[in-house]
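Asker: Got structure_1.txt for you, compact mmCIF, C-alpha atoms and all ligand atoms:
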# COMPACT_ATOMS: atom_id res chain seq x y z
CA HIS M 1 -78.31 54.92 -82.79
CA PRO M 2 -74.80 55.93 -83.93
CA GLY M 3 -73.22 53.67 -86.53
CA PHE M 4 -76.31 51.57 -87.15
CA ASP M 5 -79.13 52.52 -89.51
CA VAL M 6 -81.92 50.28 -88.28
CA HIS M 7 -84.51 51.79 -90.61
CA ALA M 8 -82.37 50.94 -93.64
CA VAL M 9 -81.88 47.30 -92.59
CA ARG M 10 -85.59 46.91 -91.83
CA ARG M 11 -86.34 47.52 -95.51
CA ASP M 12 -84.43 44.30 -96.30
CA PHE M 13 -87.02 42.24 -94.38
CA PRO M 14 -90.32 42.11 -96.30
CA ILE M 15 -92.25 40.44 -93.46
CA LEU M 16 -91.61 43.37 -91.13
CA SER M 17 -94.19 45.34 -93.17
CA GLU M 18 -96.87 42.79 -92.34
CA ARG M 19 -99.94 44.08 -90.55
CA ILE M 20 -101.38 42.07 -87.67
CA HIS M 21 -104.89 42.92 -86.40
CA GLY M 22 -104.57 46.16 -88.34
CA LYS M 23 -101.30 47.06 -86.63
CA GLN M 24 -97.72 46.99 -87.81
CA LEU M 25 -96.09 43.68 -86.83
CA ILE M 26 -93.60 43.94 -83.97
CA TRP M 27 -91.50 40.80 -84.05
CA LEU M 28 -90.00 40.09 -80.64
CA ASP M 29 -89.74 36.31 -81.05
CA ASN M 30 -86.24 36.14 -82.50
CA ALA M 31 -84.99 33.52 -80.06
CA ALA M 32 -87.56 31.13 -81.55
CA THR M 33 -86.73 32.03 -85.13
CA THR M 34 -85.58 35.04 -87.14
CA HIS M 35 -86.93 36.58 -90.32
CA LYS M 36 -85.25 36.38 -93.69
CA PRO M 37 -83.88 39.33 -95.64
CA ARG M 38 -84.70 39.72 -99.33
CA GLN M 39 -81.07 38.77 -100.09
CA VAL M 40 -81.67 35.27 -98.67
CA ILE M 41 -85.10 34.82 -100.22
CA GLU M 42 -83.78 35.89 -103.62
CA ARG M 43 -80.69 33.70 -103.36
CA ILE M 44 -82.84 30.61 -102.80
CA LYS M 45 -85.15 31.59 -105.67
CA TYR M 46 -82.11 32.01 -107.93
CA PHE M 47 -80.85 28.58 -106.92
CA TYR M 48 -84.11 26.89 -107.94
CA GLU M 49 -84.39 28.91 -111.14
CA HIS M 50 -80.79 28.55 -112.35
CA GLU M 51 -78.73 26.04 -110.39
CA ASN M 52 -80.95 23.28 -109.03
CA SER M 53 -79.39 19.82 -109.14
CA ASN M 54 -78.10 17.16 -106.83
CA ILE M 55 -74.45 17.71 -105.99
CA HIS M 56 -72.34 15.41 -108.14
CA ARG M 57 -70.14 17.97 -109.80
CA ALA M 58 -68.88 16.11 -112.84
CA ALA M 59 -72.23 14.98 -114.22
CA HIS M 60 -73.46 18.13 -116.00
CA VAL M 61 -73.60 21.91 -115.91
CA LEU M 62 -76.32 22.27 -113.30
CA ALA M 63 -74.60 19.70 -111.08
CA ALA M 64 -71.46 21.80 -111.20
CA ARG M 65 -73.41 24.99 -110.38
CA ALA M 66 -75.24 23.37 -107.47
CA THR M 67 -72.03 21.87 -106.11
CA ASP M 68 -70.22 25.22 -106.38
CA ALA M 69 -73.06 27.06 -104.63
CA TYR M 70 -73.20 24.46 -101.84
CA GLU M 71 -69.44 24.43 -101.30
CA HIS M 72 -69.30 28.23 -101.42
CA ALA M 73 -71.81 28.27 -98.56
CA ARG M 74 -69.58 25.89 -96.60
CA GLU M 75 -66.65 28.26 -97.08
CA VAL M 76 -68.76 31.22 -95.92
CA VAL M 77 -69.63 29.30 -92.75
CA ARG M 78 -65.96 28.52 -92.19
CA ARG M 79 -65.04 32.20 -92.50
CA PHE M 80 -67.97 33.35 -90.35
CA ILE M 81 -66.93 31.22 -87.36
CA ASN M 82 -63.20 31.40 -88.20
CA ALA M 83 -62.78 27.63 -88.49
CA PRO M 84 -59.31 26.60 -89.65
CA ASP M 85 -60.50 24.07 -92.23
CA VAL M 86 -63.57 24.11 -94.49
CA ASN M 87 -63.86 20.32 -94.27
CA GLU M 88 -64.59 20.64 -90.56
CA VAL M 89 -67.93 22.27 -91.43
CA ILE M 90 -70.72 19.67 -91.57
CA PHE M 91 -74.18 20.66 -92.78
CA VAL M 92 -76.96 19.25 -90.62
CA ARG M 93 -80.64 20.04 -90.03
CA GLY M 94 -79.96 22.30 -87.06
CA THR M 95 -78.61 22.50 -83.54
CA THR M 96 -80.71 19.58 -82.36
CA GLU M 97 -79.43 17.28 -85.06
CA ALA M 98 -75.84 18.41 -84.51
CA ILE M 99 -75.95 17.62 -80.79
CA ASN M 100 -77.62 14.27 -81.43
CA LEU M 101 -74.94 13.46 -83.99
CA VAL M 102 -72.17 14.15 -81.48
CA ALA M 103 -73.94 12.29 -78.66
CA LYS M 104 -74.54 9.25 -80.86
CA SER M 105 -71.27 9.13 -82.74
CA TRP M 106 -68.66 10.61 -80.40
CA GLY M 107 -70.60 9.62 -77.28
CA GLY M 108 -71.22 6.10 -78.55
CA LYS M 109 -67.50 5.60 -78.94
CA HIS M 110 -66.18 7.37 -75.86
CA VAL M 111 -68.79 7.29 -73.08
CA GLY M 112 -69.13 4.14 -70.99
CA GLU M 113 -70.37 2.79 -67.65
CA GLY M 114 -69.66 5.20 -64.79
CA ASP M 115 -68.50 8.05 -67.03
CA GLU M 116 -69.81 11.57 -66.56
CA ILE M 117 -71.20 14.26 -68.84
CA ILE M 118 -71.42 17.88 -67.70
CA VAL M 119 -74.07 20.37 -68.87
CA SER M 120 -75.32 23.54 -67.17
CA HIS M 121 -78.62 24.36 -65.53
CA LEU M 122 -79.25 26.87 -68.36
CA GLU M 123 -79.43 24.37 -71.19
CA HIS M 124 -82.14 24.09 -73.82
CA HIS M 125 -83.71 20.61 -73.90
CA ALA M 126 -81.72 19.97 -77.10
CA ASN M 127 -78.54 20.08 -75.02
CA ILE M 128 -79.97 17.94 -72.22
CA VAL M 129 -82.03 15.12 -73.70
CA PRO M 130 -79.45 13.61 -76.13
CA TRP M 131 -76.91 13.44 -73.27
CA GLN M 132 -79.49 11.96 -70.92
CA GLN M 133 -80.33 9.32 -73.53
CA LEU M 134 -76.64 8.55 -73.97
CA ALA M 135 -76.12 8.37 -70.21
CA GLU M 136 -79.06 5.99 -69.82
CA ALA M 137 -77.87 3.73 -72.63
CA ARG M 138 -74.32 3.59 -71.24
CA GLY M 139 -74.83 3.70 -67.50
CA ALA M 140 -73.17 7.10 -67.41
CA LYS M 141 -74.14 10.12 -65.29
CA LEU M 142 -75.31 13.63 -66.18
CA ARG M 143 -73.85 16.34 -63.92
CA VAL M 144 -75.24 19.88 -63.87
CA ILE M 145 -73.40 23.18 -63.32
CA PRO M 146 -75.62 25.31 -61.04
CA VAL M 147 -76.40 29.00 -61.64
CA ASP M 148 -76.60 32.00 -59.31
CA ASP M 149 -79.69 34.14 -58.70
CA GLU M 150 -78.95 36.39 -61.66
CA GLY M 151 -78.71 33.40 -64.00
CA GLN M 152 -74.97 32.96 -64.49
CA ILE M 153 -73.21 29.60 -64.15
CA LEU M 154 -71.04 29.11 -61.06
CA LEU M 155 -67.51 28.43 -62.27
CA GLY M 156 -66.33 27.33 -58.83
CA GLU M 157 -69.05 24.68 -58.69
CA TYR M 158 -68.18 23.64 -62.23
CA ARG M 159 -64.56 23.01 -61.24
CA LYS M 160 -65.78 20.77 -58.41
CA LEU M 161 -67.87 18.66 -60.81
CA ILE M 162 -64.85 17.73 -62.92
CA ASN M 163 -63.15 14.42 -62.17
CA ASP M 164 -61.35 11.67 -64.03
CA ARG M 165 -64.66 10.16 -65.16
CA THR M 166 -65.74 13.39 -66.93
CA LYS M 167 -65.80 12.74 -70.67
CA ILE M 168 -67.48 15.79 -72.19
CA VAL M 169 -68.72 19.23 -71.22
CA ALA M 170 -71.64 20.46 -73.35
CA ILE M 171 -72.47 24.10 -72.70
CA GLY M 172 -74.80 26.70 -74.17
CA HIS M 173 -73.16 29.97 -75.26
CA VAL M 174 -76.25 32.14 -74.68
CA SER M 175 -79.32 31.04 -72.70
CA ASN M 176 -82.46 31.06 -74.84
CA THR M 177 -84.54 31.64 -71.70
CA LEU M 178 -82.57 34.25 -69.75
CA GLY M 179 -80.20 35.73 -72.35
CA THR M 180 -77.18 35.04 -70.13
CA VAL M 181 -73.92 35.11 -72.05
CA VAL M 182 -71.93 32.22 -70.59
CA PRO M 183 -68.12 32.52 -70.33
CA VAL M 184 -67.67 29.55 -72.64
CA LYS M 185 -64.01 30.25 -73.32
CA GLU M 186 -63.24 29.84 -69.63
CA VAL M 187 -65.47 26.76 -69.37
CA VAL M 188 -63.62 25.20 -72.31
CA GLN M 189 -60.18 26.14 -70.99
CA ILE M 190 -60.87 24.45 -67.66
CA ALA M 191 -62.13 21.30 -69.42
CA ARG M 192 -59.15 21.19 -71.75
CA GLN M 193 -56.73 21.37 -68.82
CA HIS M 194 -58.22 18.00 -67.85
CA GLY M 195 -58.24 16.60 -71.38
CA ILE M 196 -62.04 16.73 -71.54
CA VAL M 197 -63.85 17.20 -74.86
CA THR M 198 -66.17 20.23 -75.15
CA LEU M 199 -69.23 21.19 -77.20
CA VAL M 200 -70.65 24.71 -77.38
CA ASP M 201 -74.33 25.16 -78.31
CA GLY M 202 -74.28 28.38 -80.32
CA ALA M 203 -77.96 28.43 -81.29
CA GLN M 204 -78.57 31.71 -79.43
CA SER M 205 -75.14 33.30 -79.78
CA ILE M 206 -74.54 33.02 -83.50
CA ALA M 207 -76.74 35.97 -84.50
CA HIS M 208 -75.86 38.22 -81.57
CA THR M 209 -72.19 37.96 -80.65
CA PRO M 210 -68.98 37.45 -82.63
CA VAL M 211 -68.05 33.76 -82.77
CA ASP M 212 -64.49 32.57 -83.33
CA VAL M 213 -64.25 28.82 -82.80
CA GLN M 214 -60.46 28.92 -82.57
CA ASP M 215 -60.61 31.57 -79.87
CA ILE M 216 -63.31 29.69 -77.92
CA GLY M 217 -61.20 26.55 -78.24
CA ALA M 218 -63.98 23.95 -78.01
CA ASP M 219 -63.99 20.70 -79.98
CA PHE M 220 -67.52 21.24 -81.34
CA PHE M 221 -69.57 24.36 -82.06
CA VAL M 222 -73.13 23.95 -83.34
CA PHE M 223 -75.88 26.29 -84.53
CA SER M 224 -79.13 26.51 -86.53
CA GLY M 225 -79.49 28.56 -89.71
CA HIS M 226 -82.97 29.77 -88.86
CA LYS M 227 -81.74 31.66 -85.81
CA ILE M 228 -79.47 33.75 -88.05
CA PHE M 229 -81.80 34.92 -90.84
CA ALA M 230 -81.45 31.71 -92.90
CA PRO M 231 -84.09 29.04 -93.58
CA THR M 232 -85.19 26.29 -91.22
CA GLY M 233 -83.90 22.77 -91.86
CA ILE M 234 -80.25 23.75 -92.23
CA GLY M 235 -77.60 24.10 -89.55
CA VAL M 236 -73.97 23.50 -88.81
CA LEU M 237 -71.83 21.12 -86.84
CA TRP M 238 -68.28 22.41 -86.68
CA GLY M 239 -65.80 19.97 -85.20
CA ARG M 240 -62.06 19.92 -84.70
CA ARG M 241 -60.64 17.73 -87.49
CA SER M 242 -58.77 15.33 -85.20
CA VAL M 243 -61.92 14.76 -83.14
CA LEU M 244 -64.23 14.32 -86.14
CA GLU M 245 -61.82 11.92 -87.80
CA ASP M 246 -61.91 9.74 -84.74
CA MET M 247 -65.73 9.43 -84.90
CA PRO M 248 -67.75 6.76 -86.72
CA PRO M 249 -70.36 7.97 -89.23
CA TRP M 250 -73.76 8.20 -87.56
CA GLN M 251 -75.89 7.62 -90.65
CA GLY M 252 -75.04 5.48 -93.66
CA GLY M 253 -76.08 5.94 -97.27
CA GLY M 254 -75.15 7.73 -100.44
CA ASN M 255 -72.76 10.69 -100.63
CA MET M 256 -70.72 9.50 -97.64
CA ILE M 257 -69.15 6.40 -99.21
CA ALA M 258 -66.04 5.84 -101.32
CA ASP M 259 -66.73 2.18 -102.09
CA VAL M 260 -69.44 -0.30 -101.12
CA THR M 261 -69.52 -4.08 -101.32
CA PHE M 262 -71.81 -6.36 -99.33
CA GLU M 263 -68.81 -7.21 -97.20
CA LYS M 264 -67.52 -3.73 -96.41
CA THR M 265 -67.98 0.00 -97.01
CA VAL M 266 -65.16 2.51 -97.27
CA PHE M 267 -66.26 5.98 -96.20
CA GLN M 268 -65.55 9.36 -97.77
CA PRO M 269 -63.32 11.76 -95.86
CA LEU M 270 -64.69 14.86 -94.08
CA PRO M 271 -67.13 16.48 -94.46
CA ASN M 272 -68.97 13.81 -96.47
CA THR M 273 -68.49 11.18 -93.73
CA PHE M 274 -71.26 12.95 -91.83
CA GLU M 275 -73.48 14.03 -94.74
CA ALA M 276 -75.25 10.83 -95.75
CA GLY M 277 -77.93 11.19 -98.41
CA THR M 278 -79.08 14.28 -100.30
CA GLY M 279 -78.75 17.28 -98.05
CA ASN M 280 -80.73 20.49 -97.86
CA ILE M 281 -78.78 22.04 -100.72
CA ALA M 282 -80.85 25.16 -101.47
CA ASP M 283 -81.18 26.12 -97.82
CA ALA M 284 -77.45 25.65 -97.24
CA VAL M 285 -76.97 28.14 -100.08
CA GLY M 286 -79.51 30.38 -98.29
CA LEU M 287 -77.49 30.07 -95.08
CA GLY M 288 -74.38 31.22 -96.95
CA ALA M 289 -76.30 34.26 -98.20
CA ALA M 290 -77.57 35.03 -94.68
CA LEU M 291 -74.06 34.92 -93.20
CA GLU M 292 -72.75 37.15 -96.01
CA TYR M 293 -75.57 39.57 -95.21
CA VAL M 294 -74.57 39.63 -91.52
CA GLU M 295 -70.92 40.04 -92.49
CA ARG M 296 -71.82 43.15 -94.49
CA LEU M 297 -73.59 44.70 -91.49
CA GLY M 298 -70.80 43.57 -89.17
CA ILE M 299 -71.55 41.37 -86.18
CA GLU M 300 -69.70 43.85 -83.92
CA ASN M 301 -72.08 46.64 -85.00
CA ILE M 302 -75.07 44.34 -84.55
CA SER M 303 -73.89 43.28 -81.12
CA ARG M 304 -73.32 46.85 -79.93
CA TYR M 305 -76.73 48.01 -81.14
CA GLU M 306 -78.54 45.02 -79.66
CA HIS M 307 -76.88 45.40 -76.28
CA ALA M 308 -78.13 48.99 -76.10
CA LEU M 309 -81.60 47.71 -77.02
CA VAL M 310 -81.54 44.92 -74.39
CA ASP M 311 -80.30 47.29 -71.67
CA TYR M 312 -83.06 49.76 -72.55
CA GLY M 313 -85.68 46.99 -72.47
CA MET M 314 -84.47 45.69 -69.09
CA GLN M 315 -84.48 49.18 -67.64
CA GLN M 316 -87.96 50.05 -68.97
CA LEU M 317 -89.59 46.72 -68.07
CA GLY M 318 -87.90 46.79 -64.67
CA GLN M 319 -89.89 49.90 -63.70
CA ILE M 320 -93.30 48.27 -64.17
CA PRO M 321 -94.96 47.45 -60.82
CA GLY M 322 -95.52 43.71 -60.32
CA LEU M 323 -93.16 42.75 -63.13
CA ARG M 324 -90.42 40.27 -62.24
CA LEU M 325 -87.43 40.10 -64.56
CA ILE M 326 -85.89 36.64 -64.63
CA GLY M 327 -82.27 36.55 -65.73
CA THR M 328 -80.49 39.76 -64.75
CA VAL M 329 -76.83 39.15 -65.59
CA PRO M 330 -75.39 42.36 -67.08
CA GLY M 331 -74.47 42.21 -70.77
CA LYS M 332 -77.25 39.81 -71.74
CA ALA M 333 -77.86 38.95 -75.39
CA SER M 334 -81.26 39.35 -77.06
CA VAL M 335 -83.54 37.79 -74.46
CA LEU M 336 -85.77 39.47 -71.85
CA SER M 337 -87.79 37.10 -69.69
CA PHE M 338 -90.44 38.11 -67.17
CA THR M 339 -93.62 37.33 -65.30
CA LEU M 340 -96.36 39.81 -64.36
CA GLU M 341 -98.22 39.60 -61.07
CA GLY M 342 -101.94 38.96 -61.47
CA TYR M 343 -101.62 37.49 -64.96
CA THR M 344 -100.67 34.18 -66.46
CA THR M 345 -97.88 34.46 -69.03
CA ASP M 346 -100.43 33.31 -71.58
CA GLU M 347 -102.67 36.27 -70.82
CA VAL M 348 -99.77 38.67 -71.27
CA GLY M 349 -98.87 37.01 -74.57
CA LYS M 350 -102.46 37.31 -75.81
CA ALA M 351 -102.67 40.98 -74.88
CA LEU M 352 -99.44 41.64 -76.78
CA ASN M 353 -100.60 39.60 -79.76
CA ALA M 354 -103.76 41.70 -79.95
CA GLU M 355 -101.48 44.71 -80.50
CA GLY M 356 -99.46 42.96 -83.21
CA ILE M 357 -96.56 42.23 -80.85
CA ALA M 358 -95.21 38.69 -81.20
CA VAL M 359 -93.49 37.20 -78.15
CA ARG M 360 -93.12 33.66 -76.96
CA THR M 361 -94.77 32.57 -73.73
CA GLY M 362 -94.22 29.16 -72.19
CA HIS M 363 -91.30 27.08 -71.00
CA HIS M 364 -89.05 27.82 -74.01
CA CYS M 365 -87.80 24.20 -74.13
CA ALA M 366 -85.74 24.87 -71.02
CA GLN M 367 -87.86 23.72 -68.06
CA PRO M 368 -85.01 23.10 -65.58
CA ILE M 369 -83.79 26.71 -65.60
CA LEU M 370 -87.30 28.15 -65.20
CA ARG M 371 -87.93 25.83 -62.25
CA ARG M 372 -84.62 26.99 -60.76
CA PHE M 373 -86.34 30.40 -60.53
CA GLY M 374 -89.58 28.91 -59.22
CA VAL M 375 -91.70 29.42 -62.33
CA GLU M 376 -93.06 27.12 -65.04
CA THR M 377 -93.35 29.74 -67.78
CA THR M 378 -92.31 33.29 -68.63
CA VAL M 379 -93.11 35.94 -71.22
CA ARG M 380 -90.04 36.12 -73.44
CA PRO M 381 -89.52 39.04 -75.80
CA SER M 382 -86.31 38.44 -77.78
CA LEU M 383 -84.57 40.98 -79.98
CA ALA M 384 -82.68 41.12 -83.23
CA PHE M 385 -80.87 43.98 -84.97
CA TYR M 386 -84.00 44.95 -86.91
CA ASN M 387 -85.87 45.82 -83.72
CA THR M 388 -86.13 49.44 -82.60
CA PHE M 389 -86.30 51.42 -79.37
CA GLU M 390 -89.83 52.47 -80.41
CA GLU M 391 -90.87 48.79 -80.55
CA ILE M 392 -89.59 48.32 -77.00
CA ASP M 393 -91.66 51.36 -75.98
CA ASP M 394 -94.75 49.73 -77.53
CA LEU M 395 -94.07 46.48 -75.66
CA VAL M 396 -93.60 48.35 -72.38
CA ARG M 397 -96.77 50.42 -72.94
CA VAL M 398 -98.96 47.30 -73.30
CA VAL M 399 -97.41 45.53 -70.31
CA ARG M 400 -97.65 48.70 -68.21
CA ARG M 401 -101.35 49.02 -69.11
CA LEU M 402 -101.96 45.43 -67.98
CA ALA M 403 -100.08 46.07 -64.74
CA GLY M 404 -102.26 49.13 -64.12
CA GLN M 405 -105.44 47.10 -64.59
CA ARG M 406 -104.30 44.34 -62.26
CA ARG M 407 -107.12 42.51 -60.57
N1 LIG J 1 -80.18 25.26 -78.19
C1 LIG J 1 -80.63 26.50 -77.92
C2 LIG J 1 -79.90 27.34 -76.92
C3 LIG J 1 -81.76 26.97 -78.58
O1 LIG J 1 -82.22 28.20 -78.31
C4 LIG J 1 -82.42 26.16 -79.54
C5 LIG J 1 -83.65 26.63 -80.28
N2 LIG J 1 -84.62 27.25 -79.48
C6 LIG J 1 -81.90 24.88 -79.78
C7 LIG J 1 -80.79 24.48 -79.09
C8 LIG J 1 -82.53 23.97 -80.76
O2 LIG J 1 -82.42 24.48 -82.05
P1 LIG J 1 -83.22 23.81 -83.25
O3 LIG J 1 -84.63 23.66 -82.79
O4 LIG J 1 -83.06 24.80 -84.36
O5 LIG J 1 -82.56 22.51 -83.54
Show me this structure written as structure tokens.
Answerer:
Amino acid sequence: HPGFDVHAVRRDFPILSERIHGKQLIWLDNAATTHKPRQVIERIKYFYEHENSNIHRAAHVLAARATDAYEHAREVVRRFINAPDVNEVIFVRGTTEAINLVAKSWGGKHVGEGDEIIVSHLEHHANIVPWQQLAEARGAKLRVIPVDDEGQILLGEYRKLINDRTKIVAIGHVSNTLGTVVPVKEVVQIARQHGIVTLVDGAQSIAHTPVDVQDIGADFFVFSGHKIFAPTGIGVLWGRRSVLEDMPPWQGGGNMIADVTFEKTVFQPLPNTFEAGTGNIADAVGLGAALEYVERLGIENISRYEHALVDYGMQQLGQIPGLRLIGTVPGKASVLSFTLEGYTTDEVGKALNAEGIAVRTGHHCAQPILRRFGVETTVRPSLAFYNTFEEIDDLVRVVRRLAGQRR
């Protein structure tokens, strides 16, 4: 593929040489989690061998090194998503924790009886359940933007859902189940015209499409490190400074305080306000290394290559008799979702696994959108930039063989 040397980048990922049932691993489960390049693995090893400490800069040499490494990672995140201010970048455990933080802290302050929260039919459970819990606790209502038969949200219906009780719109950037790229900039613009706060769930967009939080214009943008070649247990909540500063801390403890007496605690300014206790320092450093790795490849190059791969996969799978593609919006990112007549999705997954091909089968933590299409589960191959056209051919060959043997 012009401009992208996939075989060179594959050498950066040791696990891609793994053999499964005697066959070369084909990893098509990137929407669940991504693999880690040597650069990330080595950066974390270096941290533990040369920099490990808690982050209290002034105490000693290692404390200064650990603090510098951690704060460098925060700056890399800022640059990667083009946030205006490094102190708006809060390290959390992942997307799930980020959304829960916003629902508890911002939601706890601003959502009351009779208020409304808008999500879309495409959401991952992580962007449904915290809002549902908030709505239940407050007597508020969850409203859902419907999708069309291809799997895109209906902007006209969205406009109709907005009213003067709408407090927040929380929307996924890319569907983890269908791969739909949602026009989040437009969704945010419409909300902002009504003074409504917005959150974008970037768990599935961060590794596949350029992200510029100032261009998107939302108040919050959240993602997980492990979906972008970094470790699990580290993620990001970006929030607009004015909005974050108006939120109470959600957890209390060390690191987030300026002064404590039994009568009253004075909190640290951003970002520490929202980073109570010892964080996941080494993995934050690993996240910084992962984002620097992606920067070197260029997210535009990655995105272009992956779109060609997804289009090829859709076209090849689409020719298999009895195969139903679910989610057919043009320009999808990463995710192919399908069912195969005569087989459970489990059976398809097992047949692929026997050939060393890893895909997810199941409900993908997004049951409402699958039920919208009348299914409970799908087979979900999901791509990253280290996948090849030959790997898609292997996937298609196995599925085609199954289709040919249909009972
Ligand atoms: N939102 C979306 C769109 C996702 O794909 C995922 C992960 N599958 C999440 C949220 C939750 O991410 P995590 O489990 O890393 O917190």
Asker: List as an MDAnalysis selection string the protein and nucleic acid residues near segment 259-274 of chain M, meaning an atom at most 8 Å away when only C-alpha atoms are counted, but skip any in the same chain fewer than 2 places from it.
Answerer: chainID M and resid 87:90 244:245 249:251 255:257 276
Asker: Leaving out Leu309 of chain M and any residue of its chain fewer than 4 positions from it, which residues lie within 7 Å of it when counting only C-alpha atoms, given as number ranges by chain?
Answerer: M: 305, 313, 389
Asker: Output the neighbourhood of ligand LIG 1 (chain J) as a VMD selection string, that is, all protein and nucleic acid residues with some atom at most 10 Å from the ligand, counting only C-alpha atoms and all ligand atoms.
Answerer: chain M and resid 30 to 33 92 to 100 122 to 128 171 to 177 179 200 to 205 222 to 227 232 to 235 364 to 366
Asker: Return the single residue from M:Val40, M:Glu376, M:Arg57, M:Val213 that is closest to Asn82 of chain M, with distances computed using all atoms listed in the file.
Answerer: M:Val213
Asker: Considering all atoms listed in the file, can you say which of M:Glu150, M:Glu347, M:Asp393, M:Asp283 comes closest to Arg74 of chain M?
Answerer: M:Asp283
Asker: Using Å and a single decimal, report how far atom CA of Tyr293 of chain M sits from atom CA of Lys45 of chain M.
Answerer: 16.3 Å
Asker: List every protein, DNA or RNA residue that has an atom no more than 8 Å from (-67.0, 14.2, -76.3) in the file's coordinate frame, counting only C-alpha atoms, and report them as a PDB file with C-alpha atoms, keeping the file's coordinate frame.
Answerer:
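Listed below is the output, part-v4.pdb:
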ATOM      1  CA  VAL M 102     -72.170  14.150 -81.480  1.00  0.00           C
ATOM      2  CA  ALA M 103     -73.940  12.290 -78.660  1.00  0.00           C
ATOM      3  CA  TRP M 106     -68.660  10.610 -80.400  1.00  0.00           C
ATOM      4  CA  GLY M 107     -70.600   9.620 -77.280  1.00  0.00           C
ATOM      5  CA  HIS M 110     -66.180   7.370 -75.860  1.00  0.00           C
ATOM      6  CA  VAL M 111     -68.790   7.290 -73.080  1.00  0.00           C
ATOM      7  CA  LYS M 167     -65.800  12.740 -70.670  1.00  0.00           C
ATOM      8  CA  ILE M 168     -67.480  15.790 -72.190  1.00  0.00           C
ATOM      9  CA  VAL M 169     -68.720  19.230 -71.220  1.00  0.00           C
ATOM     10  CA  ILE M 196     -62.040  16.730 -71.540  1.00  0.00           C
ATOM     11  CA  VAL M 197     -63.850  17.200 -74.860  1.00  0.00           C
ATOM     12  CA  THR M 198     -66.170  20.230 -75.150  1.00  0.00           C
ATOM     13  CA  LEU M 199     -69.230  21.190 -77.200  1.00  0.00           C
TER      14      LEU M 199
END
Asker: Using all atoms listed in the file, pick whichever of M:Phe47, M:Phe80, M:Phe373, M:Phe220 has the shortest atom-to-atom distance to Ala284 of chain M.
Answerer: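 For Ala284 of chain M, the nearest of the candidates is M:Phe47.
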Asker: Rank nothing, just name the residue among M:His121, M:His208, M:Arg192, M:His35 nearest to Glu157 of chain M, using all atoms listed in the file.
Answerer: M:His121
Asker: When distances are computed from all atoms listed in the file, which of M:Leu370, M:Ala403, M:Leu178, M:Ala137 shows the smallest separation from Lys332 of chain M?
Answerer: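 With all atoms listed in the file as the atom set, the closest residue is M:Leu178.
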Asker: Taking 5 positions as the minimum chain separation for residues in the same chain, which residues sit within 12 Å of Tyr48 of chain M when counting only C-alpha atoms? Answer as JSON, numbers by chain.
Answerer: {"M": [41, 42, 43, 53, 54, 62, 65, 66, 69, 281, 282, 283, 285, 286]}
Asker: Pick out the closest residue to Pro330 of chain M from this set: M:Ile302, M:Ile20, M:Val182, M:Val144. Count only C-alpha atoms.
Answerer: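 Using only C-alpha atoms, the shortest distance to Pro330 of chain M belongs to M:Val182.
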Asker: Please, what distance in Å, to one decimal, runs between atom CA of Thr166 of chain M and atom CA of Arg241 of chain M?
Answerer: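 If I compute the distance from atom CA of Thr166 of chain M to atom CA of Arg241 of chain M, I get 21.6 Å.
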Asker: Could you pull the residues within 9 Å of Asp12 of chain M, counting only C-alpha atoms, minus those fewer than 3 positions along the same chain, as number ranges by chain?
Answerer: M: 8-9, 16, 36-39
Asker: Which distance in Å separates atom CA of Ile26 of chain M and atom CA of Phe13 of chain M, to one decimal?
Answerer: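 So the two atoms, atom CA of Ile26 of chain M and atom CA of Phe13 of chain M, lie 12.4 Å apart.
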